[in-house]
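Beneath this line is the structure, given in structure tokens, with notes to follow.
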Amino acid sequence: MSDEQIRRHFQVIRQQIAARLGEDAARWGEVDAALEDLQVIYEQMQTSLETIEEVEAELFQRQQYYQDLFQFFPIASLITDANGLMLDANQAITQLLNVPHSYLINKPLAVFVAEKDRPSFRTHLNRLSQSEGIQTWHTRLCPRDSEPILTEFQVAIARDIEGRIERLRIGVYNLSQSQAALASLVARTSVASQLPQPLDGLQVLVVDDDMDVREFVTMVLETHGIGVRTVASAAAALEELERFRPDVLISDLRMPGEDGYSLIRRIREREAEQGGHLPAAAITAYLDEDKAKAIAAGFEAHLHKLVQPSEWVRMVAQLARQASSPE
């Protein structure tokens with residue numbers, strides 16, 4: 001209901017009540033005041049509902065973005081519960097195991113572990129409750145209608161507020177030395193060789209309130225020898241910069257509290273007082289994010305989060321090269 005419809009609706013109610021009360025002015029004044037308060041409350045509720053609808057639409061957009069990011073991520077990836085029951089799987093793992101996506105959901109990952117490796121696999125799972133950080137182990141998986149392959153699991157642990165394991169994010173790397181794997185390695189090496197400068201030793205600080213994005217960027221950059229530190233807020237980034245001097249900063253634009261625009265302005269103000277310059281790139285999940293606004297705020301580059309992984313690497317390399325080039 002529009003604001004104009006609301007006003008008309010309450011006007012009709014006033015007219016009907018006035019007709020019933022007749023000349024009782026005292027009672028009409030009280031009723032009219034109550035109706036005025038009710039109308040204000042109703043309009044506030046309407047505004048709140050509209051805000052909720054906008055928030056829900058934005059949350060849906062973000063959820064869809066991260067789901068697409070997970071599904072099309074080039075590294076075979078799984079999400080399981082603490083016992084290894086598969087909750088979600090991306091396209092790369094379905095191709096690796098040679099099964100449909102629907103066949104994996106709500107099935108134990110152990111089904112695809114080679115029989116001789118299952119005791120070790122279960123031991124690793126049981127130890128995760130006492131572990132911190134990324135855990136890595138090797139196991140053989142058995143794709144459908146194919147020979148077992150040697151894989152490396154990299155397991156990130158997500159816990160609830162009480163510290164219990166809520167889910168596991170598992171990256172699965174095929175270590176078999178097949179011709180396809182070698183060809184892929186050669187291709188990645190070729191791409192890396194075309195980048196503006198050697199990347200080993202570069203240090204990047206990534207600022208994003210979403211853990212999935214931080215993990216994604218970390219995996220992409222570390223594959224090319226780039227060191228990565230991550231923080232979840234602008235405040236944490238400023239604290240980290242007191243202790244750590246990265247070669248490049250990558251920051252999300254939309255974050256709760258202080259956003260990326262404010263962060264880069266504060267960094268540039270600090271540099272104006274203390275000297276130095278930190279090359280910085282803005283990242284966004286929104287197609288309509290204003291690139292010109294980001295550049296004006298102090299960023300040198302602007303990148304959408306759904307670009308190819310090679311674009312992340314190329315952007316970092318180019319920013320680092322610009323910083324090291326003489327003016």
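Residues in the structure tokens are named by chain (A, B, ... in the order shown) and by number from 1 within that chain; ligands are numbered from 1 in the order shown.
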
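For Ser262 in chain A, the residues within 10 Å (counting only C-alpha atoms, excluding itself and residues fewer than 6 positions away along the chain) are Ala234, Leu253, Ala297 and Gly298 of chain A.
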
Residue selection dump (N, CA, C and O atoms) as a JSON list (two decimals), in the first residue's frame:
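File produced: again-v7.json:
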```
[["chain", "number", "residue", "atom", "x", "y", "z"],
["A", 234, "ALA", "N", 37.88, -3.14, 8.39],
["A", 234, "ALA", "CA", 38.76, -2.01, 8.17],
["A", 234, "ALA", "C", 39.59, -1.72, 9.42],
["A", 234, "ALA", "O", 40.79, -1.42, 9.33],
["A", 253, "LEU", "N", 34.73, -3.26, -0.89],
["A", 253, "LEU", "CA", 34.16, -1.93, -0.74],
["A", 253, "LEU", "C", 33.03, -1.90, 0.28],
["A", 253, "LEU", "O", 32.93, -0.98, 1.08],
["A", 297, "ALA", "N", 38.56, 7.72, -4.33],
["A", 297, "ALA", "CA", 38.80, 7.55, -2.89],
["A", 297, "ALA", "C", 40.25, 7.23, -2.58],
["A", 297, "ALA", "O", 40.72, 7.47, -1.46],
["A", 298, "GLY", "N", 40.99, 6.66, -3.57],
["A", 298, "GLY", "CA", 42.40, 6.37, -3.34],
["A", 298, "GLY", "C", 42.88, 5.02, -3.83],
["A", 298, "GLY", "O", 44.06, 4.70, -3.71]]
```

How would you write, as a PyMOL selection string, the set of residues in range 51-295 of chain A that DSSP gives as alpha helix (DSSP H)?
chain A and resi 51-71+91-97+101-104+118-127+179-193+211-222+234-243+260-274+291-295

Within 9 Å of range 160-166 of chain A, counting only C-alpha atoms, which residues show up once you throw out same-chain ones fewer than 2 positions away? Write them as a PyMOL selection string, please.
chain A and resi 80-82+128-129+157-158+168

Restricted to C-alpha atoms, what would the selected residues look like written as a PDB file, in the first residue's frame?
```pdb
ATOM      1  CA  THR A  80      30.955 -31.626   4.884  1.00  0.00           C
ATOM      2  CA  ASP A  81      29.829 -31.939   8.474  1.00  0.00           C
ATOM      3  CA  ALA A  82      32.215 -33.002  11.243  1.00  0.00           C
ATOM      4  CA  LEU A 128      40.096 -32.244  13.734  1.00  0.00           C
ATOM      5  CA  SER A 129      38.179 -31.423  16.913  1.00  0.00           C
ATOM      6  CA  ILE A 157      37.436 -25.938  10.017  1.00  0.00           C
ATOM      7  CA  ALA A 158      34.370 -23.767  10.719  1.00  0.00           C
ATOM      8  CA  LEU A 168      34.507 -28.600   7.019  1.00  0.00           C
TER       9      LEU A 168
END
```

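Shortest separation to Arg270 in chain A among A:Asp290, A:Glu242, A:Glu311, A:Asp252 occurs at residue A:Glu242, atoms counted being only C-alpha atoms.
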
Enumerate the residues of range 69-157 of chain A with a DSSP assignment of strand (DSSP E), computed from the backbone, and present them as a list of chain:residue names.
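Those residues are A:Ala76, A:Ser77, A:Leu78, A:Ile79, A:Thr80, A:Met86, A:Leu87, A:Asp88, A:Ala89, A:Gln135, A:Thr136, A:Trp137, A:His138, A:Thr139, A:Arg140, A:Leu141, A:Ile149, A:Leu150, A:Thr151, A:Glu152, A:Phe153, A:Gln154, A:Val155, A:Ala156, A:Ile157.
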
Convert the current residue selection to file output with N, CA, C and O atoms, as a compact mmCIF listing (two decimals), in the first residue's frame.
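The result, stored in again39.txt:
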```
# COMPACT_ATOMS: atom_id res chain seq x y z
N ALA A 76 38.73 -28.62 -6.96
CA ALA A 76 37.69 -29.52 -6.47
C ALA A 76 37.46 -29.24 -4.99
O ALA A 76 38.39 -29.28 -4.18
N SER A 77 36.20 -28.98 -4.64
CA SER A 77 35.89 -28.53 -3.29
C SER A 77 34.63 -29.19 -2.75
O SER A 77 33.67 -29.43 -3.50
N LEU A 78 34.66 -29.44 -1.45
CA LEU A 78 33.53 -30.06 -0.75
C LEU A 78 33.24 -29.30 0.53
O LEU A 78 34.15 -28.72 1.13
N ILE A 79 31.99 -29.36 0.97
CA ILE A 79 31.61 -28.92 2.31
C ILE A 79 30.97 -30.12 2.99
O ILE A 79 30.02 -30.71 2.46
N THR A 80 31.48 -30.48 4.15
CA THR A 80 30.96 -31.63 4.88
C THR A 80 30.66 -31.24 6.33
O THR A 80 31.07 -30.17 6.80
N MET A 86 28.79 -35.32 3.17
CA MET A 86 28.90 -34.25 2.18
C MET A 86 27.62 -33.42 2.13
O MET A 86 26.53 -33.94 1.89
N LEU A 87 27.76 -32.11 2.36
CA LEU A 87 26.64 -31.18 2.34
C LEU A 87 26.55 -30.41 1.03
O LEU A 87 25.47 -30.00 0.61
N ASP A 88 27.69 -30.17 0.40
CA ASP A 88 27.71 -29.49 -0.89
C ASP A 88 28.99 -29.87 -1.61
O ASP A 88 29.98 -30.26 -0.99
N ALA A 89 28.96 -29.75 -2.93
CA ALA A 89 30.11 -30.12 -3.77
C ALA A 89 30.09 -29.26 -5.01
O ALA A 89 29.02 -28.92 -5.52
N GLN A 135 44.31 -27.96 7.86
CA GLN A 135 44.90 -29.29 8.03
C GLN A 135 45.09 -29.94 6.66
O GLN A 135 44.22 -29.83 5.78
N THR A 136 46.22 -30.60 6.49
CA THR A 136 46.55 -31.21 5.19
C THR A 136 46.90 -32.68 5.38
O THR A 136 47.65 -33.03 6.30
N TRP A 137 46.32 -33.54 4.55
CA TRP A 137 46.73 -34.94 4.53
C TRP A 137 46.49 -35.53 3.15
O TRP A 137 45.76 -34.97 2.34
N HIS A 138 47.12 -36.67 2.90
CA HIS A 138 47.00 -37.36 1.62
C HIS A 138 46.13 -38.60 1.76
O HIS A 138 46.17 -39.29 2.79
N THR A 139 45.33 -38.85 0.76
CA THR A 139 44.52 -40.07 0.73
C THR A 139 44.20 -40.42 -0.71
O THR A 139 44.27 -39.57 -1.61
N ARG A 140 43.89 -41.68 -0.94
CA ARG A 140 43.52 -42.11 -2.29
C ARG A 140 42.00 -42.14 -2.43
O ARG A 140 41.30 -42.72 -1.60
N LEU A 141 41.53 -41.49 -3.49
CA LEU A 141 40.10 -41.49 -3.79
C LEU A 141 39.84 -42.42 -4.97
O LEU A 141 40.70 -42.63 -5.83
N ILE A 149 43.12 -42.57 -7.31
CA ILE A 149 44.06 -41.48 -7.55
C ILE A 149 44.54 -40.95 -6.20
O ILE A 149 43.79 -40.91 -5.21
N LEU A 150 45.79 -40.52 -6.16
CA LEU A 150 46.34 -39.92 -4.95
C LEU A 150 45.94 -38.46 -4.89
O LEU A 150 46.13 -37.71 -5.86
N THR A 151 45.37 -38.04 -3.76
CA THR A 151 44.94 -36.66 -3.62
C THR A 151 45.48 -36.06 -2.33
O THR A 151 45.86 -36.77 -1.40
N GLU A 152 45.50 -34.74 -2.30
CA GLU A 152 45.83 -34.01 -1.08
C GLU A 152 44.59 -33.26 -0.63
O GLU A 152 43.96 -32.55 -1.41
N PHE A 153 44.22 -33.45 0.65
CA PHE A 153 43.10 -32.72 1.24
C PHE A 153 43.65 -31.53 2.01
O PHE A 153 44.58 -31.67 2.80
N GLN A 154 43.06 -30.36 1.77
CA GLN A 154 43.32 -29.18 2.61
C GLN A 154 42.00 -28.82 3.27
O GLN A 154 41.04 -28.44 2.59
N VAL A 155 41.96 -28.94 4.59
CA VAL A 155 40.71 -28.87 5.33
C VAL A 155 40.68 -27.63 6.22
O VAL A 155 41.54 -27.46 7.09
N ALA A 156 39.70 -26.76 5.97
CA ALA A 156 39.47 -25.58 6.82
C ALA A 156 38.28 -25.88 7.73
O ALA A 156 37.25 -26.38 7.28
N ILE A 157 38.44 -25.57 9.01
CA ILE A 157 37.44 -25.94 10.02
C ILE A 157 36.61 -24.70 10.38
O ILE A 157 37.16 -23.67 10.76
```

Leaving out Tyr103 in chain A and any residue of its chain fewer than 4 positions from it, which residues lie within 12 Å of it when counting only C-alpha atoms, given as a compact mmCIF listing (two decimals) with N, CA, C and O atoms, in the first residue's frame?
```
# COMPACT_ATOMS: atom_id res chain seq x y z
N MET A 86 28.79 -35.32 3.17
CA MET A 86 28.90 -34.25 2.18
C MET A 86 27.62 -33.42 2.13
O MET A 86 26.53 -33.94 1.89
N LEU A 87 27.76 -32.11 2.36
CA LEU A 87 26.64 -31.18 2.34
C LEU A 87 26.55 -30.41 1.03
O LEU A 87 25.47 -30.00 0.61
N ASP A 88 27.69 -30.17 0.40
CA ASP A 88 27.71 -29.49 -0.89
C ASP A 88 28.99 -29.87 -1.61
O ASP A 88 29.98 -30.26 -0.99
N ALA A 89 28.96 -29.75 -2.93
CA ALA A 89 30.11 -30.12 -3.77
C ALA A 89 30.09 -29.26 -5.01
O ALA A 89 29.02 -28.92 -5.52
N ILE A 93 34.77 -31.20 -8.25
CA ILE A 93 34.85 -32.47 -7.54
C ILE A 93 33.95 -33.52 -8.19
O ILE A 93 34.28 -34.71 -8.21
N THR A 94 32.81 -33.09 -8.76
CA THR A 94 31.96 -34.07 -9.45
C THR A 94 32.67 -34.62 -10.69
O THR A 94 32.54 -35.80 -11.02
N LEU A 97 35.43 -37.09 -9.42
CA LEU A 97 34.89 -38.37 -8.96
C LEU A 97 34.02 -39.05 -10.01
O LEU A 97 33.59 -40.19 -9.81
N ASN A 98 33.72 -38.32 -11.08
CA ASN A 98 32.94 -38.87 -12.20
C ASN A 98 31.55 -39.32 -11.77
O ASN A 98 31.08 -40.40 -12.13
N VAL A 99 30.89 -38.46 -10.98
CA VAL A 99 29.52 -38.75 -10.53
C VAL A 99 28.69 -37.48 -10.61
O VAL A 99 29.23 -36.37 -10.54
N LYS A 107 25.86 -37.95 1.40
CA LYS A 107 26.54 -39.24 1.42
C LYS A 107 27.90 -39.08 2.10
O LYS A 107 28.54 -38.03 1.99
N PRO A 108 28.40 -40.11 2.77
CA PRO A 108 29.71 -40.01 3.43
C PRO A 108 30.84 -39.91 2.40
O PRO A 108 30.86 -40.66 1.41
N LEU A 109 31.75 -38.99 2.63
CA LEU A 109 32.92 -38.88 1.76
C LEU A 109 33.74 -40.17 1.78
O LEU A 109 34.39 -40.52 0.79
N VAL A 111 32.91 -43.04 1.37
CA VAL A 111 32.51 -43.98 0.31
C VAL A 111 33.50 -43.94 -0.85
O VAL A 111 33.74 -44.96 -1.50
N PHE A 112 34.09 -42.76 -1.10
CA PHE A 112 35.01 -42.61 -2.23
C PHE A 112 36.47 -42.77 -1.83
O PHE A 112 37.36 -42.67 -2.68
N ARG A 144 34.38 -43.04 -9.88
CA ARG A 144 33.56 -44.10 -10.49
C ARG A 144 34.19 -44.54 -11.82
O ARG A 144 34.60 -43.74 -12.64
```

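Closest approach to Gln71 in chain A among A:Ile134, A:Leu85, A:Ala282, A:Ala92 is made by A:Ala92 (distances from only C-alpha atoms).
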
Within 10 Å of Ala292 in chain A using only C-alpha atoms, minus same-chain residues under 5 positions, as a list in words:
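With the cut-off at 10 Å, the set is Ala297, Phe299, Ala301 and His302 of chain A.
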
Distance query Ser233 in chain A at most 9 Å, only C-alpha atoms, self and fewer than 4 positions along chain excluded, as a ChimeraX atom specification:
/A:207-209,237-238,255-260

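CA of Pro246 in chain A lies 18.7 Å from CA of Phe216 in chain A.
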